[in-house]
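This is structure_8.cif. It holds mmCIF, C-alpha atoms and all ligand atoms.
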```
data_run
loop_
_atom_site.label_atom_id
_atom_site.label_comp_id
_atom_site.auth_asym_id
_atom_site.auth_seq_id
_atom_site.Cartn_x
_atom_site.Cartn_y
_atom_site.Cartn_z
CA MET A 23 -0.97 6.07 21.97
CA ARG A 24 -2.56 2.58 21.88
CA VAL A 25 -4.72 1.62 24.86
CA GLU A 26 -2.43 -1.31 25.80
CA GLU A 27 0.57 1.03 25.74
CA ARG A 28 -1.16 3.41 28.14
CA LEU A 29 -1.78 0.44 30.43
CA GLY A 30 1.92 -0.59 30.38
CA LEU A 31 2.33 -3.00 27.43
CA ARG A 32 4.47 -1.49 24.65
CA ARG A 33 4.47 -3.60 21.52
CA LEU A 34 7.71 -4.36 19.68
CA ALA A 35 8.03 -6.19 16.39
CA GLY A 36 6.65 -9.74 16.43
CA TRP A 37 8.59 -13.00 16.74
CA GLY A 38 7.08 -15.38 14.21
CA ARG A 39 3.38 -15.34 14.99
CA ARG A 40 3.98 -14.15 18.54
CA ARG A 41 3.70 -10.55 19.71
CA VAL A 42 6.56 -9.20 21.83
CA TYR A 43 5.92 -6.55 24.50
CA ILE A 44 7.99 -4.35 26.76
CA VAL A 45 6.24 -4.32 30.16
CA GLU A 46 6.50 -1.01 31.99
CA GLU A 47 4.87 1.30 34.52
CA PRO A 48 1.92 1.35 35.38
CA LEU A 49 1.36 -2.38 34.69
CA PRO A 50 1.41 -4.29 38.02
CA LEU A 51 4.17 -6.89 38.35
CA MET A 52 2.55 -9.45 40.64
CA GLY A 53 -0.21 -11.92 39.90
CA VAL A 54 0.91 -13.93 36.84
CA ILE A 55 3.36 -16.76 36.35
CA GLN A 56 5.14 -15.50 33.23
CA PHE A 57 6.77 -12.25 34.43
CA GLY A 58 7.18 -10.01 37.46
CA VAL A 59 7.62 -11.07 41.09
CA ILE A 60 6.41 -14.27 42.82
CA ASP A 61 6.35 -14.72 46.61
CA ARG A 62 5.95 -18.31 47.82
CA GLY A 63 6.25 -17.53 51.53
CA THR A 64 10.02 -17.74 52.03
CA ASN A 65 12.90 -15.26 51.99
CA VAL A 66 13.39 -16.05 48.27
CA LEU A 67 11.51 -13.89 45.76
CA GLN A 68 11.32 -15.18 42.20
CA VAL A 69 12.06 -12.34 39.80
CA ARG A 70 10.99 -12.93 36.20
CA PRO A 71 12.30 -10.36 33.71
CA THR A 72 11.65 -12.11 30.39
CA THR A 73 9.75 -14.94 28.76
CA VAL A 74 12.13 -15.08 25.79
CA CYS A 75 14.46 -18.04 25.26
CA PRO A 76 16.72 -18.78 22.27
CA LEU A 77 16.64 -22.57 22.83
CA SER A 78 13.83 -25.07 22.25
CA CYS A 79 14.79 -27.81 24.72
CA VAL A 80 12.95 -31.01 23.88
CA PHE A 81 11.86 -31.42 27.54
CA CYS A 82 10.97 -27.74 28.19
CA SER A 83 8.13 -27.64 30.72
CA VAL A 84 7.10 -24.12 29.73
CA ASP A 85 7.11 -24.50 25.92
CA ALA A 86 9.69 -21.73 25.42
CA GLY A 87 11.80 -20.67 22.45
CA PRO A 88 11.42 -20.63 18.68
CA GLY A 89 9.82 -24.10 18.76
CA SER A 90 6.91 -23.00 20.98
CA ARG A 91 3.45 -24.24 19.95
CA TRP A 92 1.25 -22.71 22.65
CA ARG A 93 2.52 -19.18 23.13
CA GLN A 94 0.94 -16.09 21.59
CA ALA A 95 2.99 -13.38 23.33
CA GLU A 96 6.42 -12.78 24.90
CA TYR A 97 7.26 -10.10 27.48
CA ILE A 98 10.40 -8.21 28.50
CA VAL A 99 10.08 -6.17 31.70
CA GLU A 100 11.64 -2.72 32.16
CA PRO A 101 14.34 -3.26 34.84
CA ARG A 102 13.80 -0.22 37.09
CA TRP A 103 10.07 -0.95 37.41
CA LEU A 104 10.85 -4.61 38.21
CA ALA A 105 13.42 -3.71 40.90
CA GLN A 106 10.88 -1.33 42.44
CA TRP A 107 8.32 -4.17 42.77
CA VAL A 108 10.95 -6.45 44.32
CA GLU A 109 11.84 -3.75 46.83
CA GLU A 110 8.19 -3.15 47.77
CA ALA A 111 7.54 -6.89 48.19
CA ALA A 112 10.65 -7.37 50.37
CA ARG A 113 9.76 -4.35 52.54
CA GLU A 114 6.23 -5.65 53.04
CA LYS A 115 7.59 -9.10 53.97
CA GLY A 116 9.90 -7.41 56.45
CA VAL A 117 12.94 -9.56 55.60
CA SER A 118 15.98 -9.21 53.45
CA VAL A 119 15.54 -11.51 50.45
CA GLU A 120 17.37 -13.53 47.84
CA ALA A 121 16.26 -12.42 44.39
CA LEU A 122 16.19 -15.55 42.23
CA ILE A 123 16.02 -14.42 38.61
CA ASP A 124 14.25 -17.25 36.80
CA GLY A 125 11.22 -17.61 34.58
CA VAL A 126 9.48 -19.22 31.68
CA GLY A 127 12.31 -18.03 29.42
CA ASP A 128 16.08 -17.89 29.87
CA PRO A 129 17.05 -14.87 32.05
CA PHE A 130 20.44 -14.68 30.32
CA SER A 131 18.65 -13.62 27.13
CA TYR A 132 17.30 -10.56 28.99
CA PRO A 133 19.01 -7.51 27.46
CA TRP A 134 19.29 -5.62 30.78
CA LEU A 135 20.44 -8.42 33.10
CA PRO A 136 23.53 -6.64 34.55
CA ARG A 137 21.48 -3.49 35.06
CA LEU A 138 18.73 -5.44 36.84
CA VAL A 139 21.28 -7.12 39.14
CA ARG A 140 22.77 -3.73 40.02
CA LEU A 141 19.34 -2.16 40.66
CA LEU A 142 18.31 -5.08 42.88
CA LYS A 143 21.48 -4.79 44.95
CA GLU A 144 20.94 -1.03 45.28
CA THR A 145 17.51 -1.53 46.92
CA GLY A 146 19.24 -2.40 50.21
CA VAL A 147 16.70 -5.20 50.87
CA VAL A 148 18.19 -7.80 48.52
CA ALA A 149 20.92 -9.80 50.27
CA SER A 150 21.87 -11.93 47.26
CA VAL A 151 21.00 -12.28 43.60
CA ALA A 152 21.03 -15.57 41.70
CA ALA A 153 20.13 -16.14 38.04
CA GLU A 154 19.20 -19.31 36.17
CA THR A 155 20.28 -20.24 32.67
CA HIS A 156 20.78 -23.07 30.21
CA GLY A 157 23.81 -21.16 28.94
CA GLY A 158 22.71 -20.55 25.35
CA THR A 159 23.83 -16.91 25.54
CA LEU A 160 26.50 -17.29 28.22
CA THR A 161 29.82 -15.55 27.46
CA ARG A 162 32.83 -14.52 29.56
CA GLU A 163 32.10 -10.87 28.78
CA LEU A 164 28.56 -11.16 30.14
CA VAL A 165 29.85 -12.99 33.22
CA ASP A 166 32.38 -10.18 33.84
CA ARG A 167 29.62 -7.57 33.62
CA LEU A 168 27.42 -9.58 35.98
CA GLU A 169 30.23 -10.00 38.48
CA GLU A 170 30.80 -6.26 38.44
CA ALA A 171 27.05 -5.69 38.93
CA GLY A 172 27.09 -7.92 42.04
CA LEU A 173 25.61 -11.24 40.87
CA ASP A 174 26.15 -13.88 43.57
CA ARG A 175 25.25 -17.17 41.88
CA VAL A 176 24.52 -18.74 38.51
CA ASN A 177 22.22 -21.80 38.47
CA LEU A 178 23.30 -23.61 35.30
CA SER A 179 21.17 -26.33 33.75
CA ILE A 180 23.15 -28.64 31.53
CA GLU A 181 21.86 -32.09 30.56
CA SER A 182 24.83 -33.62 28.75
CA LEU A 183 28.50 -32.79 28.19
CA ASP A 184 28.41 -34.61 24.85
CA PRO A 185 28.18 -31.91 22.12
CA GLU A 186 25.89 -33.81 19.77
CA LYS A 187 23.51 -35.00 22.45
CA ALA A 188 23.47 -31.56 24.13
CA ARG A 189 22.51 -29.95 20.79
CA ARG A 190 19.72 -32.46 20.29
CA LEU A 191 18.35 -31.94 23.81
CA ALA A 192 18.56 -28.14 23.49
CA GLY A 193 16.60 -28.30 20.22
CA ALA A 194 19.10 -25.85 18.68
CA PRO A 195 21.77 -26.88 16.13
CA TRP A 196 23.96 -23.92 17.16
CA TYR A 197 24.04 -24.80 20.90
CA ASP A 198 27.67 -25.33 21.85
CA VAL A 199 28.02 -27.14 25.16
CA GLU A 200 31.83 -26.92 24.95
CA ARG A 201 31.58 -23.14 25.13
CA VAL A 202 29.06 -23.34 28.00
CA ARG A 203 31.36 -25.74 29.85
CA LYS A 204 34.36 -23.40 29.46
CA VAL A 205 32.42 -20.34 30.66
CA ALA A 206 31.04 -22.34 33.60
CA GLU A 207 34.59 -23.31 34.58
CA TYR A 208 35.59 -19.67 34.30
CA ILE A 209 32.73 -18.70 36.66
CA ALA A 210 33.69 -21.34 39.23
CA ARG A 211 37.44 -20.77 39.14
CA GLU A 212 38.05 -17.15 38.24
CA THR A 213 35.15 -15.06 39.54
CA SER A 214 33.48 -14.32 42.86
CA ILE A 215 30.20 -15.69 41.44
CA ASP A 216 29.17 -19.10 42.73
CA LEU A 217 28.09 -21.85 40.34
CA HIS A 218 25.28 -24.27 41.08
CA VAL A 219 24.73 -26.98 38.45
CA THR A 220 21.15 -28.22 37.96
CA PRO A 221 20.81 -30.94 35.28
CA VAL A 222 17.34 -32.27 34.46
CA TRP A 223 17.25 -36.08 34.66
CA LEU A 224 15.55 -37.59 31.60
CA PRO A 225 15.25 -41.29 32.48
CA GLY A 226 16.76 -43.52 29.81
CA VAL A 227 18.23 -40.54 27.93
CA ASN A 228 20.92 -38.92 30.09
CA ASP A 229 21.45 -41.27 33.08
CA LYS A 230 25.20 -41.64 32.42
CA ASP A 231 25.56 -37.97 31.47
CA ILE A 232 24.18 -36.94 34.88
CA VAL A 233 26.97 -38.92 36.62
CA GLU A 234 29.57 -37.13 34.45
CA ILE A 235 27.99 -33.74 35.16
CA ILE A 236 28.04 -34.34 38.94
CA GLU A 237 31.74 -35.29 38.83
CA TRP A 238 32.53 -32.31 36.60
CA ALA A 239 30.67 -29.83 38.85
CA TYR A 240 32.52 -30.99 41.96
CA ARG A 241 35.86 -31.09 40.12
CA ILE A 242 35.68 -27.50 38.86
CA GLY A 243 34.72 -26.08 42.27
CA ALA A 244 31.01 -25.40 41.91
CA GLY A 245 29.41 -24.66 45.28
CA LYS A 246 31.65 -21.99 46.81
CA ARG A 247 28.89 -20.63 49.08
CA TRP A 248 25.82 -22.67 48.08
CA PRO A 249 25.39 -26.37 47.25
CA PRO A 250 27.26 -27.44 44.08
CA VAL A 251 24.69 -29.69 42.33
CA THR A 252 20.99 -30.48 42.37
CA VAL A 253 19.51 -32.97 39.93
CA GLN A 254 16.09 -31.78 38.72
CA LYS A 255 13.14 -34.06 38.17
CA TYR A 256 11.64 -34.04 34.68
CA ILE A 257 7.99 -33.01 34.95
CA ALA A 258 5.61 -33.35 32.01
CA HIS A 259 3.32 -30.31 31.92
CA ARG A 260 0.15 -29.96 29.89
CA HIS A 261 1.62 -27.23 27.72
CA GLY A 262 5.24 -28.40 28.01
CA ARG A 263 7.29 -30.45 25.54
CA ARG A 264 7.71 -34.20 26.02
CA PRO A 265 10.74 -35.96 24.55
CA PRO A 266 9.61 -39.11 22.71
CA GLY A 267 10.06 -42.27 24.75
CA VAL A 268 10.67 -40.46 28.06
CA ARG A 269 8.31 -41.27 30.90
CA GLU A 270 7.98 -38.86 33.81
CA PRO A 271 9.40 -40.62 36.91
CA SER A 272 7.30 -40.71 40.06
CA TRP A 273 8.67 -38.87 43.10
CA ASP A 274 9.50 -42.24 44.70
CA GLU A 275 11.49 -43.29 41.62
CA TYR A 276 13.21 -39.94 41.54
CA TRP A 277 14.31 -40.05 45.20
CA GLU A 278 15.43 -43.66 44.88
CA TRP A 279 17.59 -42.70 41.92
CA ILE A 280 19.07 -39.71 43.75
CA ARG A 281 20.04 -41.95 46.70
CA GLU A 282 21.61 -44.44 44.28
CA LEU A 283 23.51 -41.63 42.56
CA GLU A 284 24.82 -40.38 45.91
CA LYS A 285 26.06 -43.90 46.68
CA ARG A 286 27.56 -44.43 43.23
CA THR A 287 29.39 -41.08 43.08
CA GLY A 288 30.09 -40.57 46.79
CA ARG A 289 28.80 -36.99 46.30
CA ARG A 290 26.01 -35.24 48.17
CA LEU A 291 23.04 -34.23 46.04
CA THR A 292 20.42 -33.27 48.63
CA TRP A 293 20.50 -30.14 50.73
CA SER A 294 18.53 -28.68 53.61
CA MET A 295 16.77 -25.32 53.51
CA GLU A 296 19.43 -23.96 55.93
CA GLU A 297 22.21 -24.97 53.55
CA TRP A 298 20.40 -22.93 50.92
CA GLY A 299 20.03 -20.01 53.36
CA MET A 300 16.27 -20.39 52.88
CA ARG A 301 13.63 -19.88 55.57
CA TYR A 302 9.92 -19.27 55.81
CA ALA A 303 8.95 -15.59 55.82
CA PRO A 304 5.68 -13.59 55.96
CA ARG A 305 3.88 -13.43 52.64
CA VAL A 306 2.94 -10.28 50.78
CA ARG A 307 -0.80 -9.65 51.39
CA GLN A 308 -2.93 -10.67 48.42
CA PRO A 309 -5.96 -8.53 47.55
CA LEU A 310 -7.86 -11.33 45.74
CA ARG A 311 -9.26 -14.64 46.96
CA ARG A 312 -10.47 -17.75 45.16
CA GLY A 313 -14.23 -17.61 44.61
CA GLN A 314 -14.37 -13.81 44.72
CA VAL A 315 -15.81 -11.84 41.79
CA ALA A 316 -13.55 -8.92 40.87
CA LYS A 317 -13.82 -6.03 38.45
CA LEU A 318 -10.84 -6.17 36.08
CA GLN A 319 -9.53 -4.21 33.11
CA VAL A 320 -8.28 -6.13 30.08
CA VAL A 321 -4.70 -5.13 29.25
CA GLY A 322 -3.64 -7.34 26.33
CA PRO A 323 -2.93 -10.94 25.35
CA GLY A 324 -1.83 -13.55 27.89
CA TRP A 325 1.26 -15.62 27.11
CA LEU A 326 -0.65 -18.76 26.02
CA ARG A 327 -3.29 -18.97 23.31
CA GLY A 328 -6.79 -18.41 24.66
CA GLU A 329 -5.58 -16.30 27.61
CA GLN A 330 -5.77 -12.57 28.26
CA LEU A 331 -3.98 -10.35 30.73
CA ALA A 332 -6.12 -8.19 33.00
CA ALA A 333 -5.35 -5.88 35.92
CA THR A 334 -7.24 -4.94 39.08
CA LEU A 335 -8.56 -1.39 38.91
CA ASP A 336 -6.22 -0.23 41.72
CA ARG A 337 -3.27 -1.49 39.58
CA ARG A 338 -1.99 -3.77 42.39
CA ARG A 339 -2.34 -7.15 40.67
CA LEU A 340 -2.43 -8.86 37.30
CA VAL A 341 -4.83 -11.70 36.59
CA THR A 342 -4.88 -14.27 33.76
CA LEU A 343 -8.34 -14.35 32.19
CA VAL A 344 -9.39 -17.61 30.58
CA GLY A 345 -12.42 -18.44 28.49
CA ALA A 346 -12.87 -14.82 27.45
CA ARG A 347 -13.53 -13.99 23.80
CA GLY A 348 -13.92 -10.76 21.90
CA LEU A 349 -12.45 -8.54 24.65
CA GLU A 350 -10.23 -5.59 23.76
CA PRO A 351 -7.56 -3.79 25.83
CA GLY A 352 -9.31 -1.23 28.05
CA ASP A 353 -12.55 -3.27 28.40
CA LEU A 354 -13.89 -3.74 31.94
CA VAL A 355 -15.13 -7.19 33.00
CA LEU A 356 -16.46 -8.97 36.07
CA ALA A 357 -14.56 -12.22 36.59
CA ARG A 358 -14.53 -14.97 39.22
CA ILE A 359 -11.12 -15.89 40.65
CA THR A 360 -10.61 -19.64 40.16
CA ARG A 361 -7.01 -19.90 41.38
CA ASP A 362 -5.07 -17.87 43.95
CA ARG A 363 -2.17 -20.08 45.06
CA ASP A 364 1.06 -18.17 45.81
CA GLY A 365 -0.59 -14.98 44.62
CA ILE A 366 -0.90 -16.22 41.02
CA PHE A 367 -4.42 -15.51 39.87
CA ILE A 368 -6.59 -17.10 37.19
CA ALA A 369 -10.14 -15.89 36.57
CA ARG A 370 -13.12 -16.68 34.35
CA VAL A 371 -15.48 -14.00 33.10
CA ALA A 372 -18.51 -14.17 35.45
S1 LIG B 1 14.19 -25.50 29.32
FE1 LIG B 1 14.88 -23.40 29.70
S2 LIG B 1 16.47 -23.05 28.18
FE2 LIG B 1 15.30 -24.83 27.49
S3 LIG B 1 13.73 -23.99 26.10
FE3 LIG B 1 12.83 -24.10 28.17
S4 LIG B 1 13.19 -22.08 29.04
FE4 LIG B 1 14.56 -22.30 27.30
#
```
So, in terms of structure tokens, how does the structure I just supplied come out?
Ligand code: SF4
Amino acid sequence: MRVEERLGLRRLAGWGRRRVYIVEEPLPLMGVIQFGVIDRGTNVLQVRPTTVCPLSCVFCSVDAGPGSRWRQAEYIVEPRWLAQWVEEAAREKGVSVEALIDGVGDPFSYPWLPRLVRLLKETGVVASVAAETHGGTLTRELVDRLEEAGLDRVNLSIESLDPEKARRLAGAPWYDVERVRKVAEYIARETSIDLHVTPVWLPGVNDKDIVEIIEWAYRIGAGKRWPPVTVQKYIAHRHGRRPPGVREPSWDEYWEWIRELEKRTGRRLTWSMEEWGMRYAPRVRQPLRRGQVAKLQVVGPGWLRGEQLAATLDRRRLVTLVGARGLEPGDLVLARITRDRDGIFIARVA
């Protein structure tokens, strides 16, 4: 058995030049951004089962999909192990949580999504489960299985209802927004699952499309239990993709535009935390602090080039190691924690 496999990273066949891993026990599932569980101090836990995405959206902030330039590895987490970490985190927080299945990939490409939803509901500490998607792999059959498993809400990102433009923005010639639209209408009208529509505003590219999407979302009955639409701000990240000619709006410009949209459409687009059922909640205790030097064990490659995954020796947390060369899975290193916000840790070899 390879060392990385013993530590919880089982290697599958590659995807282009990227390695693909199944993540399983005993690898910890808190501490990194790309998979596992993230607690940001509210009753919502982010649950990240996969980094894989079939699309290559031209504005993707996390450089996902076949068109990725920065990634060196993709991960798919074993569902029972993931549900166990969600349950432990919720119990430690002492509240019942919403599990928001999101990530740096598209959760609907996760092969065990219905199983994960069912396992989360069975924990008894997960009050609702929502999952995000751009709809590339959305089908009625999958929706039926998710409804049966207990999924409560789909957050659907859709940037244009025009087929040609939608294909261009998704960076995938096969992307069929007509099919996505039909399945979304099926969700809103014929299932118990709520639909929340979340287009990304790309100034100068899809201004008119956003107005159409807002009208469409309201018309089909999105927002049965939660708000129907939120327009997302485009944010240019260092390792994300930037569509040519699109400038990232400032927050002031963004809020001004949202207010104008609300006036123009007569539809509400901003919602309070209460309307989302969101509230502040105790955080899971974090065993590492910025500035501290910790002894870590290298586990395998990180998701971006130049990064490695490492774990604390008690197997409670993962850490992203940067600036480390020539290290092999199993090696022990001393590293200084340089970032600890929201329990996501980055460290440099000391
Ligand atoms: S924006 Fe979402 S759907 Fe598009 S490539 Fe990125 S992760 Fe995939």
Report summary line: Nearest to ligand LIG 1 (chain B), restricted to only C-alpha atoms and all ligand atoms and choosing among A:Asp174, A:Asp61, A:Glu237, A:Asp85, comes out as A:Asp85
Query raised in the report: When the cut-off is 6 Å and you count all atoms listed in the file, which residues lie near ligand LIG 1 (chain B), shown as an MDAnalysis selection string?
Result: chainID A and resid 75 77:79 82 84 86:87 126:128 156
Could you turn the residues from that selection into a file that holds C-alpha atoms, as a PDB file, keeping the file's coordinate frame?
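Output file selection30.pdb follows:
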```pdb
ATOM      1  CA  CYS A  75      14.460 -18.040  25.260  1.00  0.00           C
ATOM      2  CA  LEU A  77      16.640 -22.570  22.830  1.00  0.00           C
ATOM      3  CA  SER A  78      13.830 -25.070  22.250  1.00  0.00           C
ATOM      4  CA  CYS A  79      14.790 -27.810  24.720  1.00  0.00           C
ATOM      5  CA  CYS A  82      10.970 -27.740  28.190  1.00  0.00           C
ATOM      6  CA  VAL A  84       7.100 -24.120  29.730  1.00  0.00           C
ATOM      7  CA  ALA A  86       9.690 -21.730  25.420  1.00  0.00           C
ATOM      8  CA  GLY A  87      11.800 -20.670  22.450  1.00  0.00           C
ATOM      9  CA  VAL A 126       9.480 -19.220  31.680  1.00  0.00           C
ATOM     10  CA  GLY A 127      12.310 -18.030  29.420  1.00  0.00           C
ATOM     11  CA  ASP A 128      16.080 -17.890  29.870  1.00  0.00           C
ATOM     12  CA  HIS A 156      20.780 -23.070  30.210  1.00  0.00           C
TER      13      HIS A 156
END
```
Query - One-decimal distance in Å that lies between CA of Ser90 in chain A and CA of Gly38 in chain A - result: 10.2 Å
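Minimum atom-to-atom distances from A:Ile242, A:Val74, A:Val199, A:Ile98 to Arg211 in chain A were compared using all atoms listed in the file, and the lowest value belongs to A:Ile242.
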Report task. Could you give me, as JSON, numbers by chain, the residues within 9 Å of range 179-184 of chain A, counting only C-alpha atoms and dropping anything in the same chain fewer than 6 positions from it? Result -> {"A": [154, 155, 156, 157, 191, 192, 199, 200, 202, 203, 218, 219, 220, 221, 222, 223, 224, 228, 230, 231, 232, 234, 235, 254]}
Could those residues be written to a file, using C-alpha atoms, as an mmCIF file, keeping the file's coordinate frame?
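Okay, again_37.cif is ready:
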```cif
data_model
loop_
_atom_site.group_PDB
_atom_site.id
_atom_site.type_symbol
_atom_site.label_atom_id
_atom_site.label_comp_id
_atom_site.auth_asym_id
_atom_site.auth_seq_id
_atom_site.Cartn_x
_atom_site.Cartn_y
_atom_site.Cartn_z
ATOM 1 C CA GLU A 154 19.200 -19.310 36.170
ATOM 2 C CA THR A 155 20.280 -20.240 32.670
ATOM 3 C CA HIS A 156 20.780 -23.070 30.210
ATOM 4 C CA GLY A 157 23.810 -21.160 28.940
ATOM 5 C CA LEU A 191 18.350 -31.940 23.810
ATOM 6 C CA ALA A 192 18.560 -28.140 23.490
ATOM 7 C CA VAL A 199 28.020 -27.140 25.160
ATOM 8 C CA GLU A 200 31.830 -26.920 24.950
ATOM 9 C CA VAL A 202 29.060 -23.340 28.000
ATOM 10 C CA ARG A 203 31.360 -25.740 29.850
ATOM 11 C CA HIS A 218 25.280 -24.270 41.080
ATOM 12 C CA VAL A 219 24.730 -26.980 38.450
ATOM 13 C CA THR A 220 21.150 -28.220 37.960
ATOM 14 C CA PRO A 221 20.810 -30.940 35.280
ATOM 15 C CA VAL A 222 17.340 -32.270 34.460
ATOM 16 C CA TRP A 223 17.250 -36.080 34.660
ATOM 17 C CA LEU A 224 15.550 -37.590 31.600
ATOM 18 C CA ASN A 228 20.920 -38.920 30.090
ATOM 19 C CA LYS A 230 25.200 -41.640 32.420
ATOM 20 C CA ASP A 231 25.560 -37.970 31.470
ATOM 21 C CA ILE A 232 24.180 -36.940 34.880
ATOM 22 C CA GLU A 234 29.570 -37.130 34.450
ATOM 23 C CA ILE A 235 27.990 -33.740 35.160
ATOM 24 C CA GLN A 254 16.090 -31.780 38.720
#
```
Query raised in the report: Residues at most 9 Å from Arg167 in chain A, counting only C-alpha atoms, excluding those fewer than 5 positions away in the same chain, as a ChimeraX atom specification?
Result: /A:136,162,172
Keeping C-alpha atoms, export the residues of the selection given above as a PDB file, in the frame of the given file.
```pdb
ATOM      1  CA  PRO A 136      23.530  -6.640  34.550  1.00  0.00           C
ATOM      2  CA  ARG A 162      32.830 -14.520  29.560  1.00  0.00           C
ATOM      3  CA  GLY A 172      27.090  -7.920  42.040  1.00  0.00           C
TER       4      GLY A 172
END
```
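Each of A:Val371, A:Leu356, A:Ala244, A:Val54 was checked against Trp325 in chain A using only C-alpha atoms; the smallest atom-to-atom distance is that of A:Val54.
Counting from CA of Ala121 in chain A, the distance to CA of Pro71 in chain A is 11.6 Å.
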**Report entry** Within 8 Å of Asp364 in chain A using only C-alpha atoms, minus same-chain residues under 3 positions, as a PyMOL selection string
**Finding:** chain A and resi 60-63
